[in-house]
$ cat entry-v4.cif   # mmCIF, C-alpha atoms and all ligand atoms
data_entry
loop_
_atom_site.label_atom_id
_atom_site.label_comp_id
_atom_site.auth_asym_id
_atom_site.auth_seq_id
_atom_site.Cartn_x
_atom_site.Cartn_y
_atom_site.Cartn_z
CA LYS A 1 68.97 83.95 -73.29
CA TYR A 2 66.80 83.36 -76.37
CA SER A 3 63.12 84.23 -76.33
CA ALA A 4 60.89 85.87 -78.93
CA ALA A 5 60.31 88.78 -76.53
CA ASN A 6 64.05 89.25 -76.04
CA VAL A 7 64.66 89.27 -79.76
CA ALA A 8 61.90 91.84 -80.28
CA GLN A 9 63.35 94.02 -77.51
CA VAL A 10 66.88 93.88 -78.91
CA THR A 11 65.61 94.60 -82.43
CA ALA A 12 63.65 97.62 -81.21
CA ALA A 13 66.64 98.92 -79.26
CA ASN A 14 68.91 98.52 -82.28
CA ALA A 15 66.40 100.22 -84.54
CA ALA A 16 66.22 103.15 -82.13
CA ILE A 17 69.94 103.73 -82.35
CA ALA A 18 70.41 102.91 -86.02
CA PRO A 19 72.79 105.52 -87.41
CA LEU A 20 71.14 108.26 -89.43
CA GLU A 21 72.86 110.04 -92.27
CA ALA A 22 74.34 113.38 -91.31
CA GLY A 23 72.33 115.34 -93.87
CA ASP A 24 71.03 118.87 -94.23
CA PHE A 25 69.24 120.12 -91.10
CA ARG A 26 66.29 121.01 -93.32
CA ASP A 27 65.66 117.28 -93.69
CA TRP A 28 65.08 116.79 -89.97
CA PRO A 29 61.41 116.05 -89.21
CA GLU A 30 61.58 118.70 -86.47
CA TYR A 31 62.44 121.30 -89.11
CA ARG A 32 58.90 121.08 -90.47
CA GLN A 33 57.72 123.11 -87.47
CA VAL A 34 60.25 125.85 -88.18
CA ALA A 35 59.21 126.00 -91.83
CA ALA A 36 55.54 126.09 -90.86
CA ILE A 37 56.01 129.01 -88.47
CA GLU A 38 58.16 130.98 -90.91
CA GLY A 39 55.76 130.27 -93.78
CA PHE A 40 52.65 131.27 -91.85
CA PHE A 41 54.01 134.52 -90.46
CA ALA A 42 56.05 135.45 -93.54
CA GLY A 43 56.84 139.16 -93.44
CA GLU A 44 54.81 139.83 -90.27
CA ASN A 45 56.21 137.58 -87.61
CA PRO A 46 55.59 138.74 -84.06
CA TYR A 47 57.87 135.97 -82.79
CA CYS A 48 61.56 136.94 -82.69
CA ALA A 49 60.65 140.29 -84.26
CA PRO A 50 63.73 142.55 -84.21
CA ARG A 51 62.76 145.77 -82.49
CA GLU A 52 64.14 149.27 -82.67
CA GLY A 53 64.69 150.99 -79.32
CA THR A 54 63.59 149.61 -75.94
CA ILE A 55 60.44 147.70 -75.05
CA GLY A 56 57.98 149.05 -72.54
CA ARG A 57 54.38 149.98 -73.28
CA GLN A 58 55.24 150.29 -76.96
CA VAL A 59 57.72 148.76 -79.34
CA THR A 60 58.82 149.67 -82.86
CA ILE A 61 59.19 146.79 -85.30
CA ALA A 62 60.13 147.37 -88.94
CA GLY A 63 59.29 151.06 -88.59
CA ARG A 64 55.80 150.49 -87.14
CA ASP A 65 54.77 151.22 -83.54
CA TYR A 66 52.88 148.53 -81.66
CA ASP A 67 51.28 148.46 -78.25
CA THR A 68 53.26 145.62 -76.77
CA PHE A 69 52.55 143.11 -74.03
CA CYS A 70 55.62 140.97 -74.65
CA GLY A 71 58.28 142.56 -72.47
CA TYR A 72 59.40 141.85 -68.92
CA ASN A 73 60.47 145.45 -68.44
CA TYR A 74 57.97 145.41 -65.59
CA LEU A 75 59.04 148.62 -63.91
CA GLY A 76 60.04 150.45 -67.08
CA TYR A 77 63.62 151.03 -65.91
CA ASN A 78 65.19 149.55 -69.03
CA GLY A 79 65.81 152.69 -71.07
CA SER A 80 65.68 155.03 -68.06
CA GLN A 81 68.34 157.69 -67.64
CA ALA A 82 69.47 156.37 -64.27
CA VAL A 83 70.23 152.96 -65.74
CA GLU A 84 71.88 154.39 -68.84
CA LYS A 85 74.23 156.56 -66.76
CA ALA A 86 75.18 153.68 -64.48
CA VAL A 87 75.93 151.41 -67.43
CA ILE A 88 78.13 154.00 -69.13
CA ARG A 89 80.03 154.57 -65.90
CA ALA A 90 80.63 150.81 -65.51
CA LEU A 91 81.66 150.49 -69.14
CA ARG A 92 84.29 153.21 -68.73
CA ARG A 93 85.53 151.72 -65.49
CA HIS A 94 85.60 147.99 -66.23
CA GLY A 95 85.11 147.64 -69.99
CA SER A 96 82.45 145.60 -71.73
CA SER A 97 83.36 142.17 -70.38
CA ALA A 98 84.52 140.48 -67.21
CA SER A 99 87.13 138.93 -69.49
CA ALA A 100 87.56 135.81 -67.31
CA SER A 101 85.72 133.61 -64.86
CA ARG A 102 85.41 135.32 -61.52
CA VAL A 103 87.69 132.81 -59.79
CA ALA A 104 90.40 133.77 -62.25
CA GLY A 105 90.70 137.48 -63.12
CA GLY A 106 87.06 138.24 -63.87
CA GLU A 107 85.90 139.50 -60.47
CA CYS A 108 85.07 143.23 -60.44
CA ASP A 109 84.08 145.28 -57.42
CA ILE A 110 80.67 145.82 -59.02
CA HIS A 111 79.92 142.07 -58.85
CA ARG A 112 80.14 142.19 -55.08
CA GLU A 113 78.29 145.51 -54.90
CA LEU A 114 75.40 144.03 -56.84
CA GLU A 115 75.35 140.88 -54.70
CA SER A 116 75.20 142.98 -51.52
CA ALA A 117 72.43 145.18 -52.92
CA LEU A 118 70.39 142.13 -53.96
CA ALA A 119 70.81 140.56 -50.52
CA ALA A 120 69.77 143.82 -48.85
CA HIS A 121 66.71 144.15 -51.11
CA LEU A 122 65.59 140.59 -50.49
CA GLY A 123 66.53 140.33 -46.82
CA SER A 124 68.77 137.32 -47.49
CA GLU A 125 72.18 136.74 -45.97
CA ASP A 126 73.99 136.67 -49.33
CA THR A 127 73.54 136.23 -53.08
CA ILE A 128 75.62 135.05 -55.99
CA VAL A 129 75.09 136.27 -59.54
CA THR A 130 75.69 134.46 -62.78
CA VAL A 131 75.32 135.16 -66.51
CA GLY A 132 71.70 134.04 -66.77
CA GLY A 133 68.70 132.92 -64.76
CA TYR A 134 68.44 129.76 -66.80
CA ILE A 135 71.93 128.59 -65.94
CA ALA A 136 71.47 129.63 -62.29
CA ASN A 137 68.58 127.16 -62.00
CA VAL A 138 70.24 124.33 -63.90
CA ALA A 139 73.62 124.69 -62.20
CA CYS A 140 72.19 125.10 -58.70
CA ILE A 141 69.85 122.11 -58.68
CA ARG A 142 72.27 119.85 -60.53
CA PHE A 143 75.01 120.65 -58.05
CA LEU A 144 73.01 120.43 -54.83
CA MET A 145 71.02 117.27 -55.44
CA GLY A 146 72.55 113.87 -56.15
CA GLU A 147 72.15 110.17 -55.87
CA GLY A 148 69.87 109.08 -53.04
CA ASP A 149 68.15 112.50 -52.91
CA LEU A 150 64.56 113.39 -53.76
CA ILE A 151 63.33 116.42 -55.72
CA LEU A 152 59.64 117.31 -55.73
CA PHE A 153 58.71 119.95 -58.26
CA ASP A 154 55.50 121.59 -59.42
CA GLU A 155 54.40 120.25 -62.81
CA TYR A 156 54.24 123.82 -64.20
CA CYS A 157 57.82 124.67 -63.26
CA HIS A 158 59.88 126.60 -65.81
CA ASN A 159 61.99 124.60 -68.22
CA SER A 160 65.24 125.71 -66.52
CA LEU A 161 64.08 124.17 -63.23
CA ILE A 162 63.01 120.97 -64.94
CA GLU A 163 66.37 120.78 -66.73
CA GLY A 164 68.15 121.27 -63.42
CA CYS A 165 66.14 118.42 -61.89
CA ALA A 166 66.68 116.22 -64.96
CA SER A 167 70.42 116.70 -64.98
CA SER A 168 70.86 115.90 -61.28
CA LYS A 169 71.14 112.27 -60.26
CA ALA A 170 68.35 112.61 -57.71
CA ARG A 171 64.96 110.88 -57.87
CA ARG A 172 62.44 113.32 -59.34
CA MET A 173 58.72 113.49 -58.77
CA GLN A 174 56.31 116.16 -59.93
CA PHE A 175 53.26 117.25 -58.00
CA HIS A 176 50.04 118.65 -59.46
CA HIS A 177 50.19 122.37 -60.11
CA ASN A 178 49.96 124.37 -56.88
CA ASN A 179 48.44 121.35 -55.17
CA LEU A 180 50.23 121.30 -51.85
CA ASP A 181 48.07 118.41 -50.60
CA HIS A 182 49.56 116.31 -53.36
CA LEU A 183 53.06 117.51 -52.42
CA GLU A 184 52.46 116.50 -48.79
CA LYS A 185 51.22 113.09 -49.81
CA LEU A 186 54.36 112.46 -51.85
CA LEU A 187 56.58 113.65 -49.02
CA ALA A 188 54.76 111.47 -46.52
CA SER A 189 55.33 108.36 -48.62
CA GLN A 190 58.81 109.13 -50.03
CA ARG A 191 60.78 111.36 -47.69
CA ASN A 192 62.11 108.64 -45.41
CA GLN A 193 63.54 106.63 -48.26
CA HIS A 194 65.82 109.44 -49.37
CA ARG A 195 68.82 111.28 -48.03
CA ARG A 196 68.02 114.96 -48.75
CA ALA A 197 64.78 116.34 -50.15
CA LEU A 198 64.21 119.51 -52.15
CA ILE A 199 60.88 121.16 -53.01
CA VAL A 200 61.03 123.31 -56.15
CA VAL A 201 58.37 125.90 -56.98
CA GLU A 202 57.94 129.26 -58.67
CA SER A 203 56.59 132.26 -56.84
CA VAL A 204 54.63 133.42 -59.88
CA TYR A 205 54.06 130.88 -62.64
CA SER A 206 55.21 132.34 -65.90
CA MET A 207 52.50 130.93 -68.14
CA ASP A 208 49.55 131.37 -65.76
CA GLY A 209 50.36 134.31 -63.52
CA ASP A 210 49.26 132.52 -60.36
CA ILE A 211 51.07 132.49 -57.02
CA VAL A 212 52.18 129.72 -54.69
CA ASP A 213 51.07 129.61 -51.04
CA LEU A 214 54.46 130.32 -49.48
CA ALA A 215 53.45 130.27 -45.81
CA ARG A 216 52.03 126.79 -46.19
CA LEU A 217 55.06 125.61 -48.13
CA VAL A 218 57.38 126.75 -45.36
CA ASP A 219 55.32 124.79 -42.86
CA ILE A 220 55.43 121.71 -45.10
CA LYS A 221 59.16 121.85 -45.71
CA ARG A 222 59.83 122.21 -41.98
CA ARG A 223 57.61 119.29 -41.01
CA HIS A 224 59.08 117.03 -43.67
CA ASN A 225 62.66 118.14 -43.22
CA ALA A 226 63.12 119.30 -46.79
CA TYR A 227 64.85 122.23 -48.47
CA LEU A 228 62.73 124.79 -50.29
CA MET A 229 63.74 126.44 -53.58
CA VAL A 230 61.60 129.29 -54.95
CA ASP A 231 62.14 130.77 -58.40
CA GLU A 232 61.28 134.46 -58.02
CA ALA A 233 62.00 135.44 -61.63
CA HIS A 234 58.59 137.09 -62.01
CA SER A 235 58.07 138.41 -58.50
CA ILE A 236 61.09 140.52 -57.62
CA GLY A 237 60.19 144.16 -58.26
CA VAL A 238 56.65 142.93 -58.80
CA LEU A 239 55.14 141.54 -55.58
CA GLY A 240 55.12 143.20 -52.17
CA GLU A 241 54.72 146.87 -51.38
CA ARG A 242 58.41 147.58 -51.95
CA GLY A 243 58.88 145.00 -54.72
CA ARG A 244 60.84 142.62 -52.53
CA GLY A 245 59.01 139.63 -53.93
CA LEU A 246 56.91 136.78 -52.67
CA CYS A 247 58.25 136.81 -49.09
CA GLU A 248 57.16 140.41 -48.65
CA HIS A 249 53.82 139.68 -50.33
CA ALA A 250 53.16 136.64 -48.14
CA GLY A 251 54.65 138.05 -44.92
CA VAL A 252 57.24 135.27 -44.69
CA ASP A 253 60.81 135.74 -43.42
CA PRO A 254 63.03 135.36 -46.55
CA ARG A 255 65.48 133.26 -44.54
CA GLU A 256 62.82 130.53 -44.52
CA VAL A 257 63.42 130.05 -48.24
CA ASP A 258 66.58 127.97 -48.38
CA ILE A 259 67.30 128.70 -52.03
CA LEU A 260 65.79 131.80 -53.59
CA MET A 261 66.42 132.21 -57.28
CA GLY A 262 65.95 135.36 -59.31
CA THR A 263 66.83 136.96 -62.61
CA LEU A 264 68.16 140.38 -63.58
CA SER A 265 66.39 140.19 -66.93
CA LYS A 266 62.94 141.33 -65.89
CA SER A 267 62.20 144.16 -63.44
CA LEU A 268 65.94 144.64 -62.87
CA ALA A 269 66.52 145.85 -66.46
CA SER A 270 69.52 143.73 -67.30
CA CYS A 271 70.60 140.17 -68.01
CA GLY A 272 71.85 137.63 -65.48
CA GLY A 273 70.60 135.38 -62.73
CA PHE A 274 71.24 134.86 -59.05
CA ILE A 275 70.76 132.59 -56.09
CA ALA A 276 70.08 134.08 -52.66
CA GLY A 277 70.31 132.27 -49.36
CA SER A 278 72.68 131.65 -46.50
CA ARG A 279 76.36 132.50 -46.76
CA ALA A 280 77.12 128.78 -46.60
CA LEU A 281 74.95 128.14 -49.66
CA THR A 282 76.51 130.95 -51.71
CA GLY A 283 79.95 129.76 -50.58
CA LEU A 284 79.26 126.31 -52.00
CA LEU A 285 78.04 127.77 -55.28
CA ARG A 286 80.87 130.29 -55.44
CA TYR A 287 83.79 127.92 -54.96
CA ILE A 288 82.58 124.46 -55.94
CA ALA A 289 79.52 124.44 -58.21
CA PRO A 290 80.24 124.41 -61.97
CA GLY A 291 78.40 127.11 -63.95
CA PHE A 292 78.50 129.91 -61.38
CA LEU A 293 82.00 131.28 -60.96
CA LEU A 294 83.69 128.12 -62.19
CA TYR A 295 83.76 127.17 -65.86
CA SER A 296 81.87 130.30 -66.92
CA ALA A 297 82.88 133.93 -67.48
CA GLY A 298 81.69 136.51 -64.97
CA ILE A 299 78.58 138.47 -65.85
CA PRO A 300 79.55 141.71 -67.64
CA PRO A 301 80.07 144.66 -65.29
CA THR A 302 77.66 146.75 -67.39
CA SER A 303 74.90 144.20 -66.70
CA CYS A 304 75.63 144.46 -62.98
CA ALA A 305 75.49 148.25 -63.16
CA ALA A 306 72.02 148.30 -64.71
CA SER A 307 70.47 146.14 -61.98
CA LEU A 308 72.39 147.91 -59.25
CA ALA A 309 70.91 151.21 -60.44
CA VAL A 310 67.37 149.78 -60.29
CA LEU A 311 67.95 148.39 -56.79
CA GLN A 312 69.23 151.77 -55.65
CA ILE A 313 66.01 153.38 -56.90
CA LEU A 314 63.84 150.72 -55.26
CA ALA A 315 65.53 151.32 -51.91
CA THR A 316 63.73 154.66 -51.62
CA ASP A 317 61.07 154.80 -54.33
CA ASN A 318 58.37 152.19 -54.85
CA SER A 319 56.16 154.31 -57.12
CA GLN A 320 56.74 152.14 -60.21
CA VAL A 321 56.01 148.98 -58.22
CA LEU A 322 52.67 150.38 -57.12
CA LYS A 323 51.82 151.51 -60.67
CA LEU A 324 52.61 148.05 -61.97
CA GLN A 325 50.37 146.44 -59.38
CA GLN A 326 47.53 148.85 -60.22
CA ASN A 327 47.87 148.10 -63.93
CA ALA A 328 47.84 144.36 -63.33
CA ALA A 329 44.66 144.62 -61.24
CA ARG A 330 42.89 146.93 -63.74
CA PHE A 331 43.86 144.75 -66.68
CA ARG A 332 42.31 141.68 -65.08
CA ALA A 333 39.18 143.61 -64.11
CA ILE A 334 38.70 144.84 -67.69
CA ALA A 335 39.32 141.35 -69.09
CA ARG A 336 36.60 140.06 -66.78
CA GLU A 337 34.26 142.91 -67.85
CA LEU A 338 34.79 141.79 -71.45
CA GLU A 339 34.14 138.19 -70.43
CA LEU A 340 37.58 137.00 -71.40
CA ASP A 341 38.90 133.98 -69.54
CA THR A 342 42.10 134.81 -67.65
CA GLY A 343 42.66 131.28 -66.42
CA LEU A 344 44.46 131.00 -63.11
CA ALA A 345 45.77 134.61 -63.08
CA ASP A 346 46.21 136.06 -59.61
CA THR A 347 47.48 139.47 -58.49
CA THR A 348 50.40 139.50 -60.94
CA PRO A 349 51.31 141.30 -64.19
CA ILE A 350 51.29 138.05 -66.17
CA VAL A 351 47.78 137.54 -67.45
CA PRO A 352 46.86 134.79 -69.89
CA VAL A 353 43.79 135.13 -72.07
CA MET A 354 42.68 131.60 -72.71
CA LEU A 355 41.65 130.87 -76.27
CA GLY A 356 38.94 128.47 -75.24
CA ALA A 357 37.80 126.46 -78.24
CA ALA A 358 40.89 127.70 -80.08
CA GLY A 359 43.01 125.93 -77.51
CA ASP A 360 42.90 122.73 -79.51
CA SER A 361 44.61 124.17 -82.55
CA VAL A 362 48.00 125.72 -83.19
CA GLU A 363 46.67 127.26 -86.39
CA LYS A 364 43.85 129.15 -84.67
CA MET A 365 46.22 130.44 -82.03
CA ALA A 366 48.59 131.60 -84.77
CA TRP A 367 45.71 133.36 -86.56
CA VAL A 368 44.75 135.29 -83.45
CA THR A 369 48.35 136.33 -82.84
CA ARG A 370 48.83 137.45 -86.45
CA GLU A 371 45.52 139.33 -86.63
CA LEU A 372 46.32 141.25 -83.46
CA PHE A 373 49.78 142.06 -84.80
CA ARG A 374 48.19 143.42 -87.97
CA ARG A 375 45.97 145.63 -85.80
CA GLY A 376 48.95 147.02 -83.93
CA ILE A 377 48.93 144.77 -80.86
CA HIS A 378 52.09 142.83 -80.09
CA VAL A 379 51.22 139.87 -77.90
CA VAL A 380 52.22 136.29 -78.54
CA GLY A 381 50.23 133.12 -78.42
CA ILE A 382 51.53 130.08 -76.60
CA THR A 383 50.55 126.52 -77.18
CA TYR A 384 51.52 122.92 -76.42
CA PRO A 385 54.12 121.79 -75.35
CA VAL A 386 54.85 125.02 -73.47
CA VAL A 387 51.37 124.83 -71.93
CA PRO A 388 49.13 121.75 -71.63
CA ARG A 389 47.26 120.52 -74.71
CA ASN A 390 44.01 122.40 -75.36
CA GLU A 391 45.14 125.33 -73.22
CA ALA A 392 46.54 127.65 -75.86
CA ARG A 393 46.53 131.25 -74.76
CA LEU A 394 47.70 134.77 -75.40
CA ARG A 395 50.06 135.80 -72.66
CA PHE A 396 50.00 139.48 -71.69
CA PHE A 397 52.79 141.05 -69.66
CA LEU A 398 51.82 144.33 -68.02
CA THR A 399 54.31 147.01 -67.04
CA ALA A 400 54.17 150.11 -64.86
CA GLU A 401 54.23 152.14 -68.09
CA HIS A 402 51.04 150.86 -69.71
CA SER A 403 47.98 153.10 -69.73
CA GLU A 404 44.46 151.89 -69.11
CA ASP A 405 43.30 153.12 -72.52
CA GLN A 406 46.00 151.09 -74.12
CA TYR A 407 45.18 147.78 -72.52
CA ARG A 408 41.44 148.31 -72.78
CA ARG A 409 41.93 148.69 -76.52
CA ALA A 410 44.14 145.59 -76.68
CA LEU A 411 41.58 143.51 -74.80
CA THR A 412 38.70 144.81 -76.89
CA LEU A 413 40.58 143.92 -80.08
CA THR A 414 41.41 140.51 -78.63
CA ARG A 415 37.76 139.82 -78.09
CA GLU A 416 36.93 141.10 -81.55
CA VAL A 417 39.55 138.91 -83.23
CA MET A 418 38.53 135.86 -81.25
CA ARG A 419 34.94 136.36 -82.37
CA GLU A 420 35.80 137.05 -85.98
CA ILE A 421 38.46 134.50 -86.57
CA LEU A 422 37.40 131.69 -84.35
CA GLU A 423 33.68 132.25 -84.45
CA VAL A 424 33.78 131.42 -80.79
CA GLN A 425 32.16 133.45 -78.05
CA PRO A 426 35.00 134.17 -75.63
N1 LIG A 501 62.71 131.14 -64.32
C1 LIG A 501 61.57 131.61 -64.83
C2 LIG A 501 60.31 131.35 -64.10
C3 LIG A 501 61.57 132.32 -66.02
O1 LIG A 501 60.43 132.77 -66.54
C4 LIG A 501 62.80 132.55 -66.69
C5 LIG A 501 62.89 133.30 -68.00
N2 LIG A 501 61.81 133.76 -68.61
C6 LIG A 501 63.97 132.03 -66.13
C7 LIG A 501 63.88 131.34 -64.96
C8 LIG A 501 65.29 132.21 -66.81
O2 LIG A 501 65.79 133.48 -66.58
P1 LIG A 501 66.75 134.22 -67.61
O3 LIG A 501 65.89 134.86 -68.62
O4 LIG A 501 67.47 135.20 -66.75
O5 LIG A 501 67.67 133.20 -68.20
#
$ encode --input "entry-v4.cif" --output "structure tokens"
Amino acid sequence: KYSAANVAQVTAANAAIAPLEAGDFRDWPEYRQVAAIEGFFAGENPYCAPREGTIGRQVTIAGRDYDTFCGYNYLGYNGSQAVEKAVIRALRRHGSSASASRVAGGECDIHRELESALAAHLGSEDTIVTVGGYIANVACIRFLMGEGDLILFDEYCHNSLIEGCASSKARRMQFHHNNLDHLEKLLASQRNQHRRALIVVESVYSMDGDIVDLARLVDIKRRHNAYLMVDEAHSIGVLGERGRGLCEHAGVDPREVDILMGTLSKSLASCGGFIAGSRALTGLLRYIAPGFLLYSAGIPPTSCAASLAVLQILATDNSQVLKLQQNAARFRAIARELELDTGLADTTPIVPVMLGAAGDSVEKMAWVTRELFRRGIHVVGITYPVVPRNEARLRFFLTAEHSEDQYRRALTLTREVMREILEVQP
């Protein structure tokens, strides 16, 4: 039906899908950002810097040693002899690849051994591993939640969780970061209009280093008849006296978390992801959900061996976990002494140093990062859209291997650079 408004709407819609020429990718407007980053950091780029050797408290880049705060090798087991031996053994036994999806010929005994060890460590009934944490989140949420369902997720959730929510056909609503009152309000008004409901949170938020109130969440999910999914990427091996994660830290029975996600790529010294929960849940993911064992090759046996070796150590020895926790606490205390703003950081080894007045500018954040790199400190700055506008920050990852002298120096230099370059009192 003709109306001026209709014509305008159709014209706008057509303009939006007008075919573009398939030209050189360098002509894409988005490419300007790539060129800007590469131009600014030319020859001394701390982002995507190829390293020699492993990453722990130090890293070697282009022949120079840096004190680094950019690795998730939380417990320092990547590069340890125990892990190396286990990987070589698995390589000799199974080769370097699963060579098929696990439902076809890719299943190796070490896949099941790792899944049992993860379940034992976490106190869950079962687990299922996949090639990456990212795909574990996307594939799990997309498969479990569909039309007529409701997903409520924290606004600071990791991109893989958001992608999982976005690619499901469920209704999606975000609640304010760690604001469980807001979550309850949304559940109270929306739950009854939907079939199933899922609450999605992280145990430790990867940009802020703060922790969710798990005991309260469990109470909320029970009262509102919802499932609870917790991404424990940054808490396994990190929180709790024995490194069992948020449940141990919060004194909550792990079986209360319906879907517990984790990664092998951080404290577990490898690469891969997993979902832990009831045997019924892992059965669904194992045999029906695309992206786990279906339509994707099995995780390499060598990757399983590395994490299995770490779990075997953690079963009897929590010394690295305790060292990590001590370092995280000392680091925050020193940052406070130096009057640096660590934002929302809680008792975790992820500690942001907020750039304050520099938070409104990508350029200033890039300057701080580059200056620190020049002074031998490898830490990267993060800005919008990864974090909210005006909240640019340096994000420090602590490990069990760092020494107090080392991070005191890094923090002192950070303050110095912020003063010099930004002319801002931190
Ligand atoms: N969840 C969170 C909170 C993460 O920080 C990450 C990765 N940094 C992932 C999921 C994805 O895990 P992976 O690296 O194993 O793909």
$ closest_residue --input "entry-v4.cif" --among "A:Gly123, A:Pro29, A:Gly164, A:Gly79" --to "ligand LIG 501 (chain A)" --atoms "all atoms listed in the file"
A:Gly164
$ residues_near_ligand --input "entry-v4.cif" --ligand "ligand LIG 501 (chain A)" --cutoff "10 Å" --atoms "only C-alpha atoms and all ligand atoms" --output "PyMOL selection string"
chain A and resi 72+130-138+156-161+201-207+230-235+261-266+270-274
$ closest_atom_pairs --input "entry-v4.cif" --of "segment 50-135 of chain A" --to "segment 377-396 of chain A" --cutoff "7 Å" --atoms "all atoms listed in the file" --output "CSV"
residue,atom,partner,partner_atom,distance
A:Tyr66,CA,A:Ile377,CA,5.5
A:Asp67,CA,A:Ile377,CA,5.1
A:Thr68,CA,A:His378,CA,4.5
A:Phe69,CA,A:Phe396,CA,5.0
A:Cys70,CA,A:Val379,CA,5.6
$ closest_atom_pairs --input "entry-v4.cif" --of "segment 195-296 of chain A" --to "segment 150-154 of chain A" --cutoff "6 Å" --atoms "all atoms listed in the file" --output "CSV"
residue,atom,partner,partner_atom,distance
A:Ala197,CA,A:Leu150,CA,4.7
A:Leu198,CA,A:Ile151,CA,4.8
A:Ile199,CA,A:Leu152,CA,4.9
A:Val200,CA,A:Phe153,CA,4.6
A:Val201,CA,A:Asp154,CA,5.7
$ write_last_selection --input "entry-v4.cif" --atoms "C-alpha atoms" --output "short mmCIF file (atom, residue, chain, number, x, y, z; two decimals), in the coordinates of the input"
data_model
loop_
_atom_site.label_atom_id
_atom_site.label_comp_id
_atom_site.auth_asym_id
_atom_site.auth_seq_id
_atom_site.Cartn_x
_atom_site.Cartn_y
_atom_site.Cartn_z
CA ALA A 197 64.78 116.34 -50.15
CA LEU A 198 64.21 119.51 -52.15
CA ILE A 199 60.88 121.16 -53.01
CA VAL A 200 61.03 123.31 -56.15
CA VAL A 201 58.37 125.90 -56.98
#
$ closest_residue --input "entry-v4.cif" --among "A:Leu355, A:Leu284, A:Glu404, A:Leu214" --to "Phe331 of chain A" --atoms "only C-alpha atoms"
A:Glu404
$ residues_around --input "entry-v4.cif" --residues "Ala366 of chain A" --least-positions-apart "5" --cutoff "12 Å" --atoms "only C-alpha atoms" --output "MDAnalysis selection string"
chainID A and resid 36:41 44:47 355 358:361 371:373 379:383 392:394 417:418 421:422
$ atom_distance --input "entry-v4.cif" --atom1 "atom CA of Cys108 of chain A" --atom2 "atom CA of Pro301 of chain A"
7.1 Å
$ closest_residue --input "entry-v4.cif" --among "A:Leu308, A:Leu180, A:Tyr295, A:Arg57" --to "Gln406 of chain A" --atoms "all atoms listed in the file"
A:Arg57
$ atom_distance --input "entry-v4.cif" --atom1 "atom CA of Leu183 of chain A" --atom2 "atom CA of Leu217 of chain A"
9.4 Å
$ closest_residue --input "entry-v4.cif" --among "A:Gly376, A:Gly53, A:Pro300, A:Gly251" --to "Ser99 of chain A" --atoms "all atoms listed in the file"
A:Pro300
$ closest_residue --input "entry-v4.cif" --among "A:Leu294, A:Ile220, A:Leu75, A:Ile110" --to "Ala400 of chain A" --atoms "all atoms listed in the file"
A:Leu75
$ decode --input "entry-v4.cif" --residues "segment 138-149 of chain A" --atoms "N, CA and C atoms" --output "mmCIF file, in the first residue's frame"
data_model
loop_
_atom_site.group_PDB
_atom_site.id
_atom_site.type_symbol
_atom_site.label_atom_id
_atom_site.label_comp_id
_atom_site.auth_asym_id
_atom_site.auth_seq_id
_atom_site.Cartn_x
_atom_site.Cartn_y
_atom_site.Cartn_z
ATOM 1 N N VAL A 138 29.256 -21.853 22.360
ATOM 2 C CA VAL A 138 28.329 -21.595 21.251
ATOM 3 C C VAL A 138 27.455 -22.827 21.011
ATOM 4 N N ALA A 139 28.106 -23.982 20.880
ATOM 5 C CA ALA A 139 27.374 -25.197 20.503
ATOM 6 C C ALA A 139 26.400 -25.624 21.606
ATOM 7 N N CYS A 140 26.788 -25.439 22.839
ATOM 8 C CA CYS A 140 25.943 -25.888 23.950
ATOM 9 C C CYS A 140 24.670 -25.039 24.056
ATOM 10 N N ILE A 141 24.839 -23.732 24.066
ATOM 11 C CA ILE A 141 23.668 -22.857 24.252
ATOM 12 C C ILE A 141 22.749 -22.959 23.029
ATOM 13 N N ARG A 142 23.356 -22.927 21.859
ATOM 14 C CA ARG A 142 22.565 -22.982 20.623
ATOM 15 C C ARG A 142 21.733 -24.258 20.577
ATOM 16 N N PHE A 143 22.317 -25.352 21.027
ATOM 17 C CA PHE A 143 21.606 -26.629 20.970
ATOM 18 C C PHE A 143 20.505 -26.717 22.028
ATOM 19 N N LEU A 144 20.811 -26.249 23.239
ATOM 20 C CA LEU A 144 19.863 -26.482 24.339
ATOM 21 C C LEU A 144 18.650 -25.554 24.300
ATOM 22 N N MET A 145 18.840 -24.343 23.815
ATOM 23 C CA MET A 145 17.756 -23.362 23.918
ATOM 24 C C MET A 145 17.160 -23.064 22.548
ATOM 25 N N GLY A 146 15.824 -23.079 22.475
ATOM 26 C CA GLY A 146 15.173 -22.875 21.180
ATOM 27 C C GLY A 146 13.974 -21.968 21.286
ATOM 28 N N GLU A 147 13.145 -22.068 20.273
ATOM 29 C CA GLU A 147 11.977 -21.203 20.196
ATOM 30 C C GLU A 147 11.094 -21.364 21.436
ATOM 31 N N GLY A 148 10.616 -20.255 21.957
ATOM 32 C CA GLY A 148 9.743 -20.307 23.137
ATOM 33 C C GLY A 148 10.519 -20.281 24.448
ATOM 34 N N ASP A 149 11.859 -20.377 24.363
ATOM 35 C CA ASP A 149 12.680 -20.385 25.583
ATOM 36 C C ASP A 149 13.213 -18.978 25.875
#
